[in-house]
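Q: Input query21.txt, format and content: compact mmCIF, N, CA and C atoms.
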```txt
# COMPACT_ATOMS: atom_id res chain seq x y z
N MET A 1 0.84 -1.18 0.00
CA MET A 1 0.00 0.00 0.00
C MET A 1 0.89 1.24 0.00
N PRO A 2 0.62 2.21 -0.94
CA PRO A 2 1.45 3.40 -1.01
C PRO A 2 1.26 4.29 0.22
N SER A 3 2.34 4.95 0.58
CA SER A 3 2.29 5.85 1.74
C SER A 3 1.59 7.15 1.35
N ILE A 4 1.25 7.94 2.35
CA ILE A 4 0.62 9.24 2.13
C ILE A 4 1.52 10.13 1.28
N HIS A 5 2.82 10.09 1.56
CA HIS A 5 3.77 10.90 0.81
C HIS A 5 3.76 10.50 -0.67
N GLN A 6 3.73 9.21 -0.96
CA GLN A 6 3.70 8.74 -2.35
C GLN A 6 2.41 9.16 -3.04
N LEU A 7 1.29 9.05 -2.35
CA LEU A 7 0.01 9.45 -2.92
C LEU A 7 -0.02 10.95 -3.22
N ARG A 8 0.50 11.73 -2.27
CA ARG A 8 0.54 13.17 -2.47
C ARG A 8 1.45 13.53 -3.63
N SER A 9 2.56 12.85 -3.75
CA SER A 9 3.49 13.09 -4.85
C SER A 9 2.84 12.77 -6.19
N ARG A 10 2.14 11.66 -6.26
CA ARG A 10 1.45 11.28 -7.51
C ARG A 10 0.36 12.28 -7.85
N ALA A 11 -0.39 12.70 -6.84
CA ALA A 11 -1.46 13.67 -7.08
C ALA A 11 -0.88 15.00 -7.56
N THR A 12 0.23 15.41 -6.98
CA THR A 12 0.88 16.66 -7.39
C THR A 12 1.37 16.57 -8.83
N ARG A 13 1.98 15.45 -9.19
CA ARG A 13 2.44 15.26 -10.57
C ARG A 13 1.26 15.26 -11.54
N ALA A 14 0.18 14.59 -11.17
CA ALA A 14 -1.00 14.54 -12.04
C ALA A 14 -1.60 15.94 -12.21
N PHE A 15 -1.72 16.67 -11.12
CA PHE A 15 -2.26 18.03 -11.20
C PHE A 15 -1.36 18.91 -12.06
N SER A 16 -0.05 18.81 -11.87
CA SER A 16 0.89 19.61 -12.66
C SER A 16 0.77 19.29 -14.14
N TYR A 17 0.65 18.01 -14.44
CA TYR A 17 0.51 17.59 -15.84
C TYR A 17 -0.75 18.19 -16.46
N VAL A 18 -1.87 18.08 -15.76
CA VAL A 18 -3.15 18.61 -16.27
C VAL A 18 -3.08 20.13 -16.39
N TYR A 19 -2.50 20.79 -15.41
CA TYR A 19 -2.38 22.25 -15.45
C TYR A 19 -1.52 22.69 -16.63
N GLU A 20 -0.37 22.06 -16.83
CA GLU A 20 0.51 22.40 -17.94
C GLU A 20 -0.17 22.13 -19.28
N LEU A 21 -0.88 21.02 -19.38
CA LEU A 21 -1.62 20.70 -20.59
C LEU A 21 -2.67 21.77 -20.88
N THR A 22 -3.40 22.18 -19.86
CA THR A 22 -4.43 23.21 -20.03
C THR A 22 -3.81 24.53 -20.45
N GLN A 23 -2.72 24.93 -19.81
CA GLN A 23 -2.05 26.18 -20.17
C GLN A 23 -1.52 26.15 -21.59
N ARG A 24 -0.94 25.03 -21.99
CA ARG A 24 -0.41 24.89 -23.35
C ARG A 24 -1.55 24.96 -24.36
N GLU A 25 -2.66 24.29 -24.08
CA GLU A 25 -3.81 24.32 -24.99
C GLU A 25 -4.42 25.72 -25.04
N LYS A 26 -4.43 26.42 -23.91
CA LYS A 26 -4.94 27.78 -23.87
C LYS A 26 -4.10 28.68 -24.78
N GLN A 27 -2.78 28.55 -24.72
CA GLN A 27 -1.90 29.33 -25.59
C GLN A 27 -2.17 29.00 -27.06
N ASN A 28 -2.31 27.71 -27.36
CA ASN A 28 -2.60 27.31 -28.74
C ASN A 28 -3.93 27.91 -29.21
N LEU A 29 -4.93 27.89 -28.34
CA LEU A 29 -6.23 28.46 -28.69
C LEU A 29 -6.12 29.96 -28.95
N LEU A 30 -5.37 30.66 -28.10
CA LEU A 30 -5.21 32.10 -28.30
C LEU A 30 -4.56 32.39 -29.65
N VAL A 31 -3.56 31.62 -30.00
CA VAL A 31 -2.89 31.80 -31.29
C VAL A 31 -3.88 31.55 -32.43
N GLU A 32 -4.66 30.47 -32.33
CA GLU A 32 -5.64 30.15 -33.36
C GLU A 32 -6.68 31.25 -33.48
N ILE A 33 -7.17 31.73 -32.35
CA ILE A 33 -8.22 32.76 -32.37
C ILE A 33 -7.67 34.07 -32.93
N GLN A 34 -6.45 34.43 -32.57
CA GLN A 34 -5.87 35.65 -33.09
C GLN A 34 -5.65 35.57 -34.60
N GLN A 35 -5.43 34.36 -35.10
CA GLN A 35 -5.25 34.19 -36.53
C GLN A 35 -6.59 34.20 -37.28
N THR A 36 -7.68 34.00 -36.55
CA THR A 36 -9.01 34.07 -37.15
C THR A 36 -9.47 35.51 -37.04
N ARG A 37 -9.22 36.24 -38.09
CA ARG A 37 -9.45 37.69 -38.08
C ARG A 37 -10.89 38.03 -37.69
N GLY A 38 -11.02 38.91 -36.71
CA GLY A 38 -12.31 39.40 -36.30
C GLY A 38 -12.97 38.64 -35.17
N LEU A 39 -12.46 37.46 -34.81
CA LEU A 39 -13.10 36.67 -33.77
C LEU A 39 -12.88 37.27 -32.38
N MET A 40 -11.66 37.65 -32.07
CA MET A 40 -11.36 38.13 -30.72
C MET A 40 -12.15 39.39 -30.37
N PRO A 41 -12.28 40.38 -31.24
CA PRO A 41 -13.10 41.55 -30.87
C PRO A 41 -14.57 41.19 -30.60
N ILE A 42 -15.11 40.27 -31.40
CA ILE A 42 -16.50 39.86 -31.17
C ILE A 42 -16.61 39.09 -29.86
N LEU A 43 -15.66 38.20 -29.62
CA LEU A 43 -15.69 37.38 -28.41
C LEU A 43 -15.58 38.23 -27.15
N MET A 44 -14.86 39.35 -27.23
CA MET A 44 -14.63 40.19 -26.06
C MET A 44 -15.72 41.24 -25.83
N LYS A 45 -16.70 41.33 -26.72
CA LYS A 45 -17.75 42.34 -26.55
C LYS A 45 -18.42 42.28 -25.17
N PRO A 46 -18.88 41.10 -24.70
CA PRO A 46 -19.50 41.08 -23.37
C PRO A 46 -18.56 41.51 -22.25
N ARG A 47 -17.27 41.21 -22.38
CA ARG A 47 -16.29 41.63 -21.37
C ARG A 47 -16.11 43.14 -21.38
N ASN A 48 -16.45 43.77 -22.51
CA ASN A 48 -16.32 45.22 -22.63
C ASN A 48 -17.65 45.94 -22.46
N GLY A 49 -18.66 45.22 -21.97
CA GLY A 49 -19.95 45.84 -21.68
C GLY A 49 -20.88 45.98 -22.87
N GLN A 50 -20.61 45.27 -23.97
CA GLN A 50 -21.47 45.35 -25.15
C GLN A 50 -22.21 44.03 -25.32
N ASP A 51 -23.32 44.09 -26.04
CA ASP A 51 -24.09 42.88 -26.34
C ASP A 51 -23.76 42.39 -27.73
N TRP A 52 -23.96 41.08 -27.94
CA TRP A 52 -23.77 40.51 -29.28
C TRP A 52 -25.03 40.74 -30.09
N SER A 53 -24.86 41.22 -31.31
CA SER A 53 -25.98 41.37 -32.24
C SER A 53 -26.24 40.00 -32.88
N PRO A 54 -27.39 39.84 -33.54
CA PRO A 54 -27.63 38.58 -34.26
C PRO A 54 -26.53 38.28 -35.29
N GLN A 55 -26.00 39.32 -35.92
CA GLN A 55 -24.91 39.13 -36.88
C GLN A 55 -23.65 38.65 -36.16
N ASP A 56 -23.35 39.21 -34.98
CA ASP A 56 -22.19 38.77 -34.19
C ASP A 56 -22.33 37.30 -33.82
N ARG A 57 -23.53 36.91 -33.40
CA ARG A 57 -23.77 35.52 -33.02
C ARG A 57 -23.56 34.58 -34.21
N ALA A 58 -24.02 35.00 -35.38
CA ALA A 58 -23.83 34.18 -36.58
C ALA A 58 -22.35 34.05 -36.92
N GLU A 59 -21.61 35.17 -36.81
CA GLU A 59 -20.16 35.12 -37.07
C GLU A 59 -19.45 34.23 -36.05
N LEU A 60 -19.86 34.34 -34.78
CA LEU A 60 -19.26 33.49 -33.75
C LEU A 60 -19.48 32.01 -34.06
N ARG A 61 -20.70 31.66 -34.45
CA ARG A 61 -20.98 30.26 -34.79
C ARG A 61 -20.10 29.79 -35.94
N ASP A 62 -19.95 30.63 -36.96
CA ASP A 62 -19.11 30.25 -38.10
C ASP A 62 -17.65 30.08 -37.68
N HIS A 63 -17.12 31.08 -36.97
CA HIS A 63 -15.72 31.01 -36.53
C HIS A 63 -15.48 29.80 -35.64
N LEU A 64 -16.34 29.62 -34.65
CA LEU A 64 -16.14 28.54 -33.70
C LEU A 64 -16.37 27.18 -34.34
N GLY A 65 -17.23 27.12 -35.33
CA GLY A 65 -17.41 25.87 -36.06
C GLY A 65 -16.12 25.46 -36.78
N ARG A 66 -15.46 26.45 -37.40
CA ARG A 66 -14.18 26.16 -38.07
C ARG A 66 -13.10 25.78 -37.05
N LEU A 67 -13.05 26.53 -35.96
CA LEU A 67 -12.03 26.27 -34.95
C LEU A 67 -12.26 24.93 -34.24
N SER A 68 -13.51 24.49 -34.15
CA SER A 68 -13.78 23.24 -33.43
C SER A 68 -13.17 22.04 -34.13
N ARG A 69 -12.91 22.17 -35.41
CA ARG A 69 -12.22 21.09 -36.12
C ARG A 69 -10.76 21.00 -35.68
N ILE A 70 -10.25 22.10 -35.12
CA ILE A 70 -8.85 22.15 -34.71
C ILE A 70 -8.70 21.79 -33.24
N SER A 71 -9.58 22.29 -32.40
CA SER A 71 -9.41 22.15 -30.96
C SER A 71 -10.62 21.46 -30.32
N PRO A 72 -10.39 20.41 -29.55
CA PRO A 72 -11.50 19.72 -28.90
C PRO A 72 -12.22 20.55 -27.85
N TYR A 73 -11.57 21.58 -27.28
CA TYR A 73 -12.23 22.42 -26.29
C TYR A 73 -13.43 23.15 -26.88
N LEU A 74 -13.33 23.52 -28.13
CA LEU A 74 -14.39 24.30 -28.75
C LEU A 74 -15.61 23.46 -29.10
N VAL A 75 -15.48 22.15 -29.06
CA VAL A 75 -16.63 21.29 -29.31
C VAL A 75 -17.72 21.60 -28.28
N LEU A 76 -17.33 21.86 -27.04
CA LEU A 76 -18.30 22.21 -26.00
C LEU A 76 -19.09 23.46 -26.36
N VAL A 77 -18.44 24.39 -27.00
CA VAL A 77 -19.08 25.67 -27.32
C VAL A 77 -20.08 25.52 -28.45
N VAL A 78 -19.80 24.68 -29.43
CA VAL A 78 -20.70 24.57 -30.58
C VAL A 78 -21.80 23.53 -30.37
N MET A 79 -21.78 22.83 -29.25
CA MET A 79 -22.85 21.89 -28.93
C MET A 79 -24.12 22.66 -28.57
N PRO A 80 -25.28 22.04 -28.70
CA PRO A 80 -26.52 22.72 -28.28
C PRO A 80 -26.41 23.19 -26.83
N GLY A 81 -26.72 24.44 -26.61
CA GLY A 81 -26.60 25.03 -25.28
C GLY A 81 -25.20 25.52 -24.97
N GLY A 82 -24.24 25.19 -25.79
CA GLY A 82 -22.86 25.59 -25.56
C GLY A 82 -22.63 27.08 -25.72
N PHE A 83 -23.57 27.75 -26.37
CA PHE A 83 -23.42 29.19 -26.57
C PHE A 83 -23.38 29.92 -25.24
N PHE A 84 -23.97 29.31 -24.21
CA PHE A 84 -23.96 29.92 -22.88
C PHE A 84 -22.58 29.83 -22.23
N ILE A 85 -21.73 28.99 -22.75
CA ILE A 85 -20.37 28.82 -22.22
C ILE A 85 -19.45 29.94 -22.72
N LEU A 86 -19.84 30.63 -23.79
CA LEU A 86 -18.96 31.64 -24.38
C LEU A 86 -18.48 32.71 -23.40
N PRO A 87 -19.30 33.27 -22.52
CA PRO A 87 -18.75 34.25 -21.57
C PRO A 87 -17.67 33.66 -20.67
N VAL A 88 -17.84 32.41 -20.26
CA VAL A 88 -16.81 31.75 -19.44
C VAL A 88 -15.56 31.53 -20.28
N PHE A 89 -15.75 31.12 -21.52
CA PHE A 89 -14.63 30.91 -22.44
C PHE A 89 -13.87 32.22 -22.66
N ALA A 90 -14.60 33.32 -22.84
CA ALA A 90 -13.97 34.63 -23.02
C ALA A 90 -13.18 35.02 -21.77
N TRP A 91 -13.75 34.75 -20.59
CA TRP A 91 -13.03 35.05 -19.34
C TRP A 91 -11.74 34.25 -19.26
N TRP A 92 -11.81 32.96 -19.63
CA TRP A 92 -10.64 32.08 -19.55
C TRP A 92 -9.53 32.55 -20.48
N LEU A 93 -9.92 33.07 -21.65
CA LEU A 93 -8.93 33.51 -22.63
C LEU A 93 -8.45 34.94 -22.41
N ASP A 94 -9.13 35.70 -21.59
CA ASP A 94 -8.83 37.11 -21.40
C ASP A 94 -7.49 37.31 -20.71
N ARG A 95 -6.55 37.85 -21.44
CA ARG A 95 -5.21 38.07 -20.88
C ARG A 95 -5.17 39.23 -19.90
N ARG A 96 -6.19 40.12 -19.95
CA ARG A 96 -6.22 41.23 -19.00
C ARG A 96 -6.36 40.71 -17.57
N ARG A 97 -7.03 39.58 -17.41
CA ARG A 97 -7.22 38.97 -16.09
C ARG A 97 -5.87 38.64 -15.47
N VAL A 98 -4.94 38.17 -16.28
CA VAL A 98 -3.60 37.84 -15.79
C VAL A 98 -2.88 39.11 -15.35
N ARG A 99 -3.01 40.18 -16.15
CA ARG A 99 -2.36 41.44 -15.80
C ARG A 99 -2.86 41.98 -14.48
N VAL A 100 -4.15 41.87 -14.25
CA VAL A 100 -4.72 42.36 -12.99
C VAL A 100 -4.22 41.51 -11.83
N ARG A 101 -4.12 40.21 -12.06
CA ARG A 101 -3.74 39.30 -10.99
C ARG A 101 -2.30 39.52 -10.53
N ASN A 102 -1.37 39.70 -11.48
CA ASN A 102 0.02 39.82 -11.03
C ASN A 102 0.60 41.22 -11.23
N GLY A 103 -0.18 42.14 -11.81
CA GLY A 103 0.21 43.53 -11.86
C GLY A 103 1.17 43.93 -12.96
N ASN A 104 1.77 42.98 -13.69
CA ASN A 104 2.75 43.39 -14.69
C ASN A 104 2.48 42.83 -16.09
N GLY A 105 1.41 42.09 -16.26
CA GLY A 105 1.08 41.58 -17.58
C GLY A 105 1.82 40.33 -17.99
N ILE A 106 2.75 39.89 -17.15
CA ILE A 106 3.50 38.68 -17.45
C ILE A 106 2.81 37.52 -16.74
N PRO A 107 2.44 36.48 -17.50
CA PRO A 107 1.77 35.36 -16.84
C PRO A 107 2.64 34.77 -15.73
N PRO A 108 2.06 34.45 -14.60
CA PRO A 108 2.84 33.88 -13.51
C PRO A 108 3.35 32.49 -13.88
N HIS A 109 4.54 32.15 -13.44
CA HIS A 109 5.13 30.84 -13.72
C HIS A 109 4.82 29.93 -12.57
N HIS A 110 4.33 28.72 -12.90
CA HIS A 110 3.99 27.75 -11.86
C HIS A 110 4.87 26.54 -11.99
```
Could you render the structure from this file as structure tokens?
A:
Amino acid sequence: MPSIHQLRSRATRAFSYVYELTQREKQNLLVEIQQTRGLMPILMKPRNGQDWSPQDRAELRDHLGRLSRISPYLVLVVMPGGFFILPVFAWWLDRRRVRVRNGNGIPPHH
């Protein structure tokens, strides 16, 4: 039977692996989104206090449909009801949140 120390070590390694994987995928998503011209400004409208127009929603569906072929995370967004996940997705991708958290705009190293 593994000791508490061994279990904690395994759990820490597993968490680190998942965290690093998530951060790497987040960076890849940001690069993909920035290369999809016009998506980031539309995606950030709610974070900037604006509402999405029907045309914005149609553009978002088109962009995210194309991106979902690239990234499995976006499959959640294009599923029925997934449109409600977009504000959370925008928050997760928002780099301003990192700047506020550590004060200098440089993502913290873990």
Q: What is the atom CA of Ala90 of chain A-atom N of Met40 of chain A distance in Å, reported with one decimal?
A: 9.8 Å
Q: Any idea what the distance is between atom N of Arg66 of chain A and atom C of Asp94 of chain A?
A: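 For atom N of Arg66 of chain A relative to atom C of Asp94 of chain A, the distance reads 21.4 Å.
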Q: So, counting only C-alpha atoms, which residue among A:Trp92, A:His63, A:Phe84, A:Ser3 is closest to Glu32 of chain A?
A: A:His63
Q: Excluding same-chain residues fewer than 2 positions from Met44 of chain A, what lies within 12 Å of it counting only C-alpha atoms, as a list in words?
A: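 Selected residues are Ile33, Gly38, Leu39, Met40, Pro41, Ile42, Pro46, Arg47, Asn48, Gly49, Gln50, Asp51, Trp52, Asp56, Leu60, Leu86, Pro87, Val88, Phe89, Ala90, Trp91, Trp92, Leu93, Asp94, Arg95 and Arg96 of chain A.
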Q: Could you please determine the separation between atom CA of Ser9 of chain A and atom N of Leu21 of chain A in Å, to one decimal place?
A: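 So the two atoms, atom CA of Ser9 of chain A and atom N of Leu21 of chain A, lie 17.1 Å apart.
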